[in-house]
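Novice: This is target_26.cif (mmCIF, C-alpha atoms).
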data_start
loop_
_atom_site.group_PDB
_atom_site.id
_atom_site.type_symbol
_atom_site.label_atom_id
_atom_site.label_comp_id
_atom_site.auth_asym_id
_atom_site.auth_seq_id
_atom_site.Cartn_x
_atom_site.Cartn_y
_atom_site.Cartn_z
ATOM 1 C CA MET A 1 84.781 103.681 82.273
ATOM 2 C CA THR A 2 87.167 105.295 84.754
ATOM 3 C CA THR A 3 87.130 108.919 85.837
ATOM 4 C CA ARG A 4 89.584 111.748 86.446
ATOM 5 C CA LEU A 5 87.109 113.770 88.519
ATOM 6 C CA THR A 6 88.068 112.049 91.782
ATOM 7 C CA THR A 7 91.808 112.554 91.212
ATOM 8 C CA PRO A 8 94.124 115.583 91.499
ATOM 9 C CA TRP A 9 93.761 116.097 87.734
ATOM 10 C CA TRP A 10 95.611 119.411 87.911
ATOM 11 C CA LEU A 11 98.927 117.637 88.543
ATOM 12 C CA PRO A 12 100.878 116.870 85.328
ATOM 13 C CA ARG A 13 102.483 113.614 86.565
ATOM 14 C CA ASP A 14 104.925 113.562 83.670
ATOM 15 C CA PRO A 15 106.865 110.296 83.214
ATOM 16 C CA ASP A 16 110.494 110.502 84.347
ATOM 17 C CA PRO A 17 111.932 106.961 84.275
ATOM 18 C CA ALA A 18 115.517 108.283 84.415
ATOM 19 C CA ARG A 19 114.968 109.942 87.788
ATOM 20 C CA GLU A 20 117.240 108.324 90.397
ATOM 21 C CA ALA A 21 117.409 108.387 94.187
ATOM 22 C CA THR A 22 120.041 107.301 96.691
ATOM 23 C CA GLY A 23 117.515 106.203 99.318
ATOM 24 C CA SER A 24 117.807 106.548 103.073
ATOM 25 C CA ARG A 25 117.548 104.844 106.460
ATOM 26 C CA GLU A 26 116.149 107.958 108.128
ATOM 27 C CA PRO A 27 112.621 108.077 109.539
ATOM 28 C CA THR A 28 110.007 110.138 107.704
ATOM 29 C CA ALA A 29 106.445 111.156 108.515
ATOM 30 C CA VAL A 30 105.191 107.957 106.855
ATOM 31 C CA LEU A 31 108.153 105.680 107.547
ATOM 32 C CA ASP A 32 108.252 106.538 111.245
ATOM 33 C CA HIS A 33 110.473 103.678 112.348
ATOM 34 C CA SER A 34 111.414 105.470 115.557
ATOM 35 C CA ALA A 35 107.866 104.733 116.777
ATOM 36 C CA GLU A 36 107.584 101.938 119.340
ATOM 37 C CA ALA A 37 105.176 99.854 117.241
ATOM 38 C CA VAL A 38 107.614 99.688 114.329
ATOM 39 C CA ARG A 39 110.609 99.030 116.567
ATOM 40 C CA ASN A 40 108.761 96.173 118.261
ATOM 41 C CA LEU A 41 107.890 94.560 114.939
ATOM 42 C CA ALA A 42 111.495 94.894 113.748
ATOM 43 C CA ALA A 43 112.684 93.217 116.939
ATOM 44 C CA ARG A 44 110.499 90.200 116.170
ATOM 45 C CA THR A 45 112.038 89.544 112.756
ATOM 46 C CA ARG A 46 114.202 86.485 112.302
ATOM 47 C CA GLY A 47 116.917 85.527 109.840
ATOM 48 C CA GLY A 48 120.618 85.273 109.264
ATOM 49 C CA ASP A 49 120.884 88.039 106.680
ATOM 50 C CA GLU A 50 119.038 91.162 105.571
ATOM 51 C CA ARG A 51 116.937 89.456 102.901
ATOM 52 C CA GLU A 52 115.740 86.783 105.347
ATOM 53 C CA ARG A 53 114.839 89.393 107.940
ATOM 54 C CA LEU A 54 112.880 91.378 105.353
ATOM 55 C CA ARG A 55 110.996 88.225 104.383
ATOM 56 C CA SER A 56 110.290 87.665 108.057
ATOM 57 C CA ALA A 57 109.044 91.250 108.361
ATOM 58 C CA HIS A 58 106.716 90.688 105.400
ATOM 59 C CA ALA A 59 105.231 87.630 107.110
ATOM 60 C CA LEU A 60 104.757 89.531 110.357
ATOM 61 C CA VAL A 61 103.013 92.427 108.603
ATOM 62 C CA SER A 62 100.745 89.987 106.738
ATOM 63 C CA VAL A 63 99.486 88.704 110.097
ATOM 64 C CA ALA A 64 99.501 91.964 112.071
ATOM 65 C CA VAL A 65 97.751 94.159 109.488
ATOM 66 C CA ARG A 66 94.615 92.880 107.797
ATOM 67 C CA PRO A 67 93.981 94.157 104.257
ATOM 68 C CA VAL A 68 91.351 96.836 103.687
ATOM 69 C CA TYR A 69 90.666 99.495 101.057
ATOM 70 C CA ALA A 70 92.202 102.416 102.956
ATOM 71 C CA LEU A 71 93.040 105.512 100.917
ATOM 72 C CA ASP A 72 95.459 107.672 102.917
ATOM 73 C CA GLU A 73 98.937 107.143 101.478
ATOM 74 C CA LEU A 74 100.485 109.448 104.082
ATOM 75 C CA GLN A 75 99.290 107.469 107.092
ATOM 76 C CA PRO A 76 102.290 106.735 109.340
ATOM 77 C CA ALA A 77 103.370 103.115 109.488
ATOM 78 C CA SER A 78 102.950 103.118 113.264
ATOM 79 C CA VAL A 79 99.291 104.131 112.914
ATOM 80 C CA THR A 80 98.683 101.287 110.472
ATOM 81 C CA LEU A 81 100.206 98.840 112.953
ATOM 82 C CA ARG A 82 98.196 100.262 115.830
ATOM 83 C CA ARG A 83 94.942 99.999 113.898
ATOM 84 C CA GLY A 84 95.779 96.512 112.668
ATOM 85 C CA ARG A 85 94.408 97.192 109.213
ATOM 86 C CA GLY A 86 95.696 98.873 106.065
ATOM 87 C CA SER A 87 95.734 98.962 102.297
ATOM 88 C CA CYS A 88 98.413 97.156 100.322
ATOM 89 C CA SER A 89 100.258 100.460 100.013
ATOM 90 C CA GLN A 90 100.023 101.107 103.759
ATOM 91 C CA ARG A 91 101.246 97.562 104.475
ATOM 92 C CA MET A 92 104.156 98.187 102.079
ATOM 93 C CA ALA A 93 104.939 101.330 104.058
ATOM 94 C CA VAL A 94 105.065 99.265 107.255
ATOM 95 C CA LEU A 95 107.441 96.817 105.580
ATOM 96 C CA GLU A 96 109.617 99.672 104.352
ATOM 97 C CA ALA A 97 109.632 101.388 107.756
ATOM 98 C CA THR A 98 110.613 98.094 109.371
ATOM 99 C CA ALA A 99 113.436 97.720 106.862
ATOM 100 C CA ARG A 100 114.797 101.138 107.838
ATOM 101 C CA SER A 101 114.506 100.153 111.483
ATOM 102 C CA LEU A 102 116.697 97.152 110.590
ATOM 103 C CA ASP A 103 119.236 99.601 109.142
ATOM 104 C CA VAL A 104 118.376 98.740 105.523
ATOM 105 C CA VAL A 105 118.389 101.653 103.058
ATOM 106 C CA THR A 106 115.159 101.959 101.068
ATOM 107 C CA ARG A 107 113.808 104.074 98.260
ATOM 108 C CA CYS A 108 110.592 104.178 96.250
ATOM 109 C CA ARG A 109 109.724 103.844 92.573
ATOM 110 C CA GLY A 110 106.626 105.716 91.422
ATOM 111 C CA LEU A 111 104.378 104.038 88.856
ATOM 112 C CA LEU A 112 101.038 105.015 87.368
ATOM 113 C CA VAL A 113 98.742 102.017 86.940
ATOM 114 C CA ASP A 114 95.653 101.913 84.715
ATOM 115 C CA GLY A 115 92.619 102.192 86.982
ATOM 116 C CA ARG A 116 90.872 99.424 85.043
ATOM 117 C CA PHE A 117 93.128 96.957 86.822
ATOM 118 C CA TRP A 118 90.883 97.473 89.890
ATOM 119 C CA TYR A 119 87.618 96.797 88.036
ATOM 120 C CA PRO A 120 87.305 93.209 89.383
ATOM 121 C CA ARG A 121 87.265 94.488 92.967
ATOM 122 C CA PHE A 122 84.624 97.132 92.281
ATOM 123 C CA PRO A 123 82.309 95.521 89.696
ATOM 124 C CA ARG A 124 79.440 97.978 90.231
ATOM 125 C CA LEU A 125 81.510 101.104 90.752
ATOM 126 C CA HIS A 126 83.501 101.380 87.522
ATOM 127 C CA ARG A 127 82.412 104.943 86.926
ATOM 128 C CA PHE A 128 84.017 105.993 90.233
ATOM 129 C CA VAL A 129 87.326 104.175 89.746
ATOM 130 C CA PRO A 130 90.170 106.692 89.100
ATOM 131 C CA ASP A 131 91.741 106.606 85.648
ATOM 132 C CA VAL A 132 95.201 105.974 87.121
ATOM 133 C CA VAL A 133 96.458 104.801 90.512
ATOM 134 C CA VAL A 134 99.763 106.059 91.945
ATOM 135 C CA LEU A 135 101.742 103.015 93.077
ATOM 136 C CA ALA A 136 104.677 103.438 95.478
ATOM 137 C CA TRP A 137 106.919 100.418 94.847
ATOM 138 C CA PRO A 138 109.634 99.931 97.506
ATOM 139 C CA GLU A 139 113.219 98.977 96.735
ATOM 140 C CA PHE A 140 115.730 97.784 99.347
ATOM 141 C CA ARG A 141 119.524 98.090 99.390
ATOM 142 C CA VAL A 142 120.579 94.526 100.186
ATOM 143 C CA GLU A 143 124.169 93.274 99.959
ATOM 144 C CA GLY A 144 125.197 96.276 97.869
ATOM 145 C CA SER A 145 122.397 96.003 95.279
ATOM 146 C CA TRP A 146 118.914 97.429 94.914
ATOM 147 C CA VAL A 147 116.285 94.720 95.371
ATOM 148 C CA PRO A 148 112.700 95.546 94.370
ATOM 149 C CA ALA A 149 109.942 94.366 96.696
ATOM 150 C CA SER A 150 108.963 91.609 94.267
ATOM 151 C CA HIS A 151 112.491 90.164 94.386
ATOM 152 C CA LEU A 152 112.699 89.831 98.162
ATOM 153 C CA PHE A 153 111.537 86.264 97.820
ATOM 154 C CA ALA A 154 112.675 85.318 94.303
ATOM 155 C CA PRO A 155 112.449 86.682 90.773
ATOM 156 C CA PRO A 156 109.074 85.668 89.298
ATOM 157 C CA GLY A 157 109.593 82.362 87.501
ATOM 158 C CA ALA A 158 107.934 80.391 84.740
ATOM 159 C CA GLY A 159 104.698 78.753 85.703
ATOM 160 C CA ILE A 160 103.825 81.251 88.454
ATOM 161 C CA ALA A 161 100.434 82.814 87.838
ATOM 162 C CA ALA A 162 100.721 86.589 87.676
ATOM 163 C CA PHE A 163 98.831 88.763 90.127
ATOM 164 C CA THR A 164 95.736 89.888 88.207
ATOM 165 C CA ASN A 165 93.567 91.369 90.993
ATOM 166 C CA ARG A 166 90.796 88.901 90.215
ATOM 167 C CA ASP A 167 90.992 86.675 93.286
ATOM 168 C CA GLY A 168 90.936 87.226 97.031
ATOM 169 C CA GLU A 169 94.738 87.524 97.039
ATOM 170 C CA THR A 170 96.109 91.002 97.649
ATOM 171 C CA LEU A 171 99.131 92.586 96.020
ATOM 172 C CA PHE A 172 101.023 92.467 99.323
ATOM 173 C CA GLU A 173 100.366 88.736 99.678
ATOM 174 C CA ALA A 174 101.265 88.052 96.038
ATOM 175 C CA LEU A 175 104.848 89.130 96.726
ATOM 176 C CA ALA A 176 105.485 85.994 98.766
ATOM 177 C CA ARG A 177 104.860 83.695 95.801
ATOM 178 C CA GLY A 178 106.781 85.722 93.211
ATOM 179 C CA ALA A 179 103.630 86.723 91.342
ATOM 180 C CA VAL A 180 104.573 90.361 90.733
ATOM 181 C CA SER A 181 107.203 91.699 88.354
ATOM 182 C CA LEU A 182 107.551 95.411 87.680
ATOM 183 C CA GLU A 183 111.282 95.690 87.187
ATOM 184 C CA ASP A 184 111.320 95.835 83.384
ATOM 185 C CA CYS A 185 108.133 97.813 82.919
ATOM 186 C CA THR A 186 108.741 101.305 81.573
ATOM 187 C CA GLY A 187 105.095 102.306 81.246
ATOM 188 C CA GLY A 188 102.883 103.085 78.297
ATOM 189 C CA CYS A 189 102.166 99.442 77.562
ATOM 190 C CA ALA A 190 98.839 98.837 79.309
ATOM 191 C CA ARG A 191 96.757 96.034 77.815
ATOM 192 C CA ASP A 192 93.090 96.215 76.982
ATOM 193 C CA GLY A 193 90.981 96.646 80.105
ATOM 194 C CA HIS A 194 89.004 93.478 79.429
ATOM 195 C CA ASP A 195 92.024 91.181 79.244
ATOM 196 C CA GLU A 196 91.568 88.907 82.259
ATOM 197 C CA ALA A 197 95.072 87.447 81.899
ATOM 198 C CA ALA A 198 96.788 90.817 82.240
ATOM 199 C CA GLY A 199 99.047 91.143 85.260
ATOM 200 C CA LEU A 200 100.004 94.296 87.128
ATOM 201 C CA ALA A 201 103.000 94.994 84.865
ATOM 202 C CA ASP A 202 100.641 95.000 81.870
ATOM 203 C CA ARG A 203 98.682 97.856 83.453
ATOM 204 C CA VAL A 204 101.544 100.290 84.093
ATOM 205 C CA VAL A 205 101.058 103.393 81.954
ATOM 206 C CA ALA A 206 103.895 105.604 83.211
ATOM 207 C CA ASP A 207 107.124 105.425 85.216
ATOM 208 C CA LEU A 208 107.611 108.457 87.464
ATOM 209 C CA GLY A 209 111.131 107.490 88.489
ATOM 210 C CA ARG A 210 112.650 106.835 91.895
ATOM 211 C CA PHE A 211 112.377 108.858 95.102
ATOM 212 C CA ASP A 212 114.205 108.798 98.429
ATOM 213 C CA SER A 213 110.904 108.016 100.166
ATOM 214 C CA ARG A 214 107.225 107.515 99.445
ATOM 215 C CA ASP A 215 106.665 110.798 101.271
ATOM 216 C CA GLU A 216 108.625 112.526 98.503
ATOM 217 C CA LEU A 217 106.763 110.662 95.764
ATOM 218 C CA PHE A 218 103.332 111.720 97.023
ATOM 219 C CA ALA A 219 104.495 115.250 97.799
ATOM 220 C CA THR A 220 105.583 115.543 94.161
ATOM 221 C CA HIS A 221 102.752 113.757 92.345
ATOM 222 C CA GLY A 222 99.915 113.704 94.836
ATOM 223 C CA GLN A 223 97.919 110.736 96.036
ATOM 224 C CA THR A 224 95.591 108.749 93.796
ATOM 225 C CA LEU A 225 92.450 110.535 95.007
ATOM 226 C CA CYS A 226 91.983 114.212 95.775
ATOM 227 C CA PRO A 227 91.730 115.270 99.448
ATOM 228 C CA LEU A 228 87.953 115.839 99.509
ATOM 229 C CA VAL A 229 87.196 112.384 98.100
ATOM 230 C CA ARG A 230 89.569 110.728 100.562
ATOM 231 C CA ARG A 231 87.941 112.460 103.525
ATOM 232 C CA VAL A 232 84.465 111.408 102.447
ATOM 233 C CA VAL A 233 85.180 107.839 101.305
ATOM 234 C CA ASP A 234 88.033 106.615 103.510
ATOM 235 C CA PRO A 235 85.975 106.188 106.727
ATOM 236 C CA VAL A 236 83.987 103.476 104.928
ATOM 237 C CA THR A 237 86.570 101.868 102.665
ATOM 238 C CA SER A 238 89.269 101.743 105.363
ATOM 239 C CA ARG A 239 87.111 99.213 107.225
ATOM 240 C CA SER A 240 86.194 97.144 104.179
ATOM 241 C CA SER A 241 87.963 93.837 103.589
ATOM 242 C CA ALA A 242 90.278 93.566 100.594
ATOM 243 C CA SER A 243 90.825 89.833 100.872
ATOM 244 C CA GLN A 244 87.519 88.055 101.480
ATOM 245 C CA SER A 245 86.786 88.089 97.759
ATOM 246 C CA SER A 246 87.578 90.091 94.661
ATOM 247 C CA ARG A 247 84.642 92.402 95.372
ATOM 248 C CA PHE A 248 84.219 95.381 97.657
ATOM 249 C CA ILE A 249 82.808 93.957 100.937
ATOM 250 C CA PRO A 250 82.166 96.055 104.054
ATOM 251 C CA THR A 251 83.358 94.206 107.157
ATOM 252 C CA CYS A 252 81.304 93.521 110.233
ATOM 253 C CA ASP A 253 83.058 96.209 112.286
ATOM 254 C CA ALA A 254 82.287 98.994 109.814
ATOM 255 C CA THR A 255 80.233 100.881 112.406
ATOM 256 C CA LYS A 256 82.704 100.595 115.269
ATOM 257 C CA PRO A 257 84.719 103.679 116.210
ATOM 258 C CA SER A 258 88.354 103.796 115.204
ATOM 259 C CA ARG A 259 90.905 102.742 117.803
ATOM 260 C CA SER A 260 93.201 105.516 116.650
#
Take the structure in this file and express it as structure tokens.

Specialist:
Amino acid sequence: MTTRLTTPWWLPRDPDPAREATGSREPTAVLDHSAEAVRNLAARTRGGDERERLRSAHALVSVAVRPVYALDELQPASVTLRRGRGSCSQRMAVLEATARSLDVVTRCRGLLVDGRFWYPRFPRLHRFVPDVVVLAWPEFRVEGSWVPASHLFAPPGAGIAAFTNRDGETLFEALARGAVSLEDCTGGCARDGHDEAAGLADRVVADLGRFDSRDELFATHGQTLCPLVRRVVDPVTSRSSASQSSRFIPTCDATKPSRS
């Protein structure tokens, strides 16, 4: 039992899978790779080619930014690094900003994911879970071809358990083991909400197309939650661990003031 009341329900969010984007290396409000924190992380990456350096950046972000249930999709990557905590989407933004700092062109694919996919993490809060979640999925221009985030390591292969959101693993961490595949999903094929074997691709309900940046995606289609809800809820959820278990767990520093 999801809800639309916490979302910007007035936005149409019409599917547009044919929408294309050329991408960019330029900094944006979110992908602020000119900031010192992002430049420093980029300088620490290692590897002989672009793909290896992006993998290295992913590993660095995994250590530098602990996973929490933060809600602000427009938070600058440098702020996420400074705070040392962020949602999977905010950690993806750090990875994407680092890629641009490494002179790699990036763009973003917008997907709408069935909110029921997040039921396992919020077992007692189903009625407050939004009906759809706006997912900003990065793509990187590597060696002349567009490489989705899930293919930075390797195309998902046979025998690899799909990311189902039912364990302590986060979406950002699942990339490193090839557990996510969204490349062939066109939306409108979400499985039943009680299917425990369903992976993320099985929950995509619409493809919004590609955008030059995640800033553009959220400017066009809005964030998952409406502004009022984000302001009220984010101070608590942004300090709540997203990896200790599959459930919503406030962390021990939930009452400490923000370092930002």

Novice: Do a neighbour search on A:Cys226 at 7 Å with all atoms listed in the file, toss out local chain neighbours closer than 5 positions, and write the hits as a list in words.

Specialist: Thr6, Thr7 and Pro8 of chain A

Novice: Can you tell me, as a ChimeraX atom specification, what residues are no more than 12 Å from A:Val233 when counting all atoms listed in the file, ignoring any on the same chain fewer than 6 positions away?

Specialist: /A:6,69-72,128,225-227,239-240

Novice: What's around A:Glu139 at 8 Å? Count only C-alpha atoms, leave out sequence neighbours fewer than 2 positions away in its own chain, and write the answer as a PyMOL selection string.

Specialist: chain A and resi 106-109+137+141+146-149

Novice: Can you turn the PyMOL selection byres ((chain A and resi 83-92) around 10) into a concrete residue list for this file, as a compact mmCIF listing (two decimals) with C-alpha atoms, keeping the file's coordinate frame?

Specialist:
# COMPACT_ATOMS: atom_id res chain seq x y z
CA VAL A 30 105.19 107.96 106.86
CA HIS A 58 106.72 90.69 105.40
CA VAL A 61 103.01 92.43 108.60
CA SER A 62 100.74 89.99 106.74
CA VAL A 63 99.49 88.70 110.10
CA ALA A 64 99.50 91.96 112.07
CA VAL A 65 97.75 94.16 109.49
CA ARG A 66 94.62 92.88 107.80
CA PRO A 67 93.98 94.16 104.26
CA VAL A 68 91.35 96.84 103.69
CA TYR A 69 90.67 99.50 101.06
CA ALA A 70 92.20 102.42 102.96
CA LEU A 71 93.04 105.51 100.92
CA ASP A 72 95.46 107.67 102.92
CA GLU A 73 98.94 107.14 101.48
CA LEU A 74 100.48 109.45 104.08
CA GLN A 75 99.29 107.47 107.09
CA PRO A 76 102.29 106.74 109.34
CA ALA A 77 103.37 103.12 109.49
CA SER A 78 102.95 103.12 113.26
CA VAL A 79 99.29 104.13 112.91
CA THR A 80 98.68 101.29 110.47
CA LEU A 81 100.21 98.84 112.95
CA ARG A 82 98.20 100.26 115.83
CA ALA A 93 104.94 101.33 104.06
CA VAL A 94 105.06 99.26 107.26
CA LEU A 95 107.44 96.82 105.58
CA GLU A 96 109.62 99.67 104.35
CA ALA A 97 109.63 101.39 107.76
CA THR A 98 110.61 98.09 109.37
CA VAL A 134 99.76 106.06 91.94
CA LEU A 135 101.74 103.02 93.08
CA ALA A 136 104.68 103.44 95.48
CA TRP A 137 106.92 100.42 94.85
CA PRO A 138 109.63 99.93 97.51
CA ALA A 149 109.94 94.37 96.70
CA THR A 170 96.11 91.00 97.65
CA LEU A 171 99.13 92.59 96.02
CA PHE A 172 101.02 92.47 99.32
CA GLU A 173 100.37 88.74 99.68
CA ARG A 214 107.22 107.52 99.44
CA THR A 237 86.57 101.87 102.66
CA SER A 238 89.27 101.74 105.36
CA ARG A 239 87.11 99.21 107.22
CA SER A 240 86.19 97.14 104.18
CA SER A 241 87.96 93.84 103.59
CA ALA A 242 90.28 93.57 100.59
CA SER A 258 88.35 103.80 115.20
CA ARG A 259 90.90 102.74 117.80
CA SER A 260 93.20 105.52 116.65

Novice: Between A:Asp184, A:Asp14, A:Asp131, A:Asp32, which residue has the minimum interatomic distance to A:Thr224, considering all atoms listed in the file?

Specialist: A:Asp131

Novice: Can you pull out every residue within 8 Å of A:Gly199, counting all atoms listed in the file, but drop anything in the same chain fewer than 3 positions away, and send it as a compact mmCIF listing (two decimals) with C-alpha atoms, in the frame of the given file?

Specialist:
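This went into selection-v4.txt:
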# COMPACT_ATOMS: atom_id res chain seq x y z
CA ALA A 162 100.72 86.59 87.68
CA PHE A 163 98.83 88.76 90.13
CA THR A 164 95.74 89.89 88.21
CA ASN A 165 93.57 91.37 90.99
CA VAL A 180 104.57 90.36 90.73
CA ASP A 202 100.64 95.00 81.87
CA ARG A 203 98.68 97.86 83.45
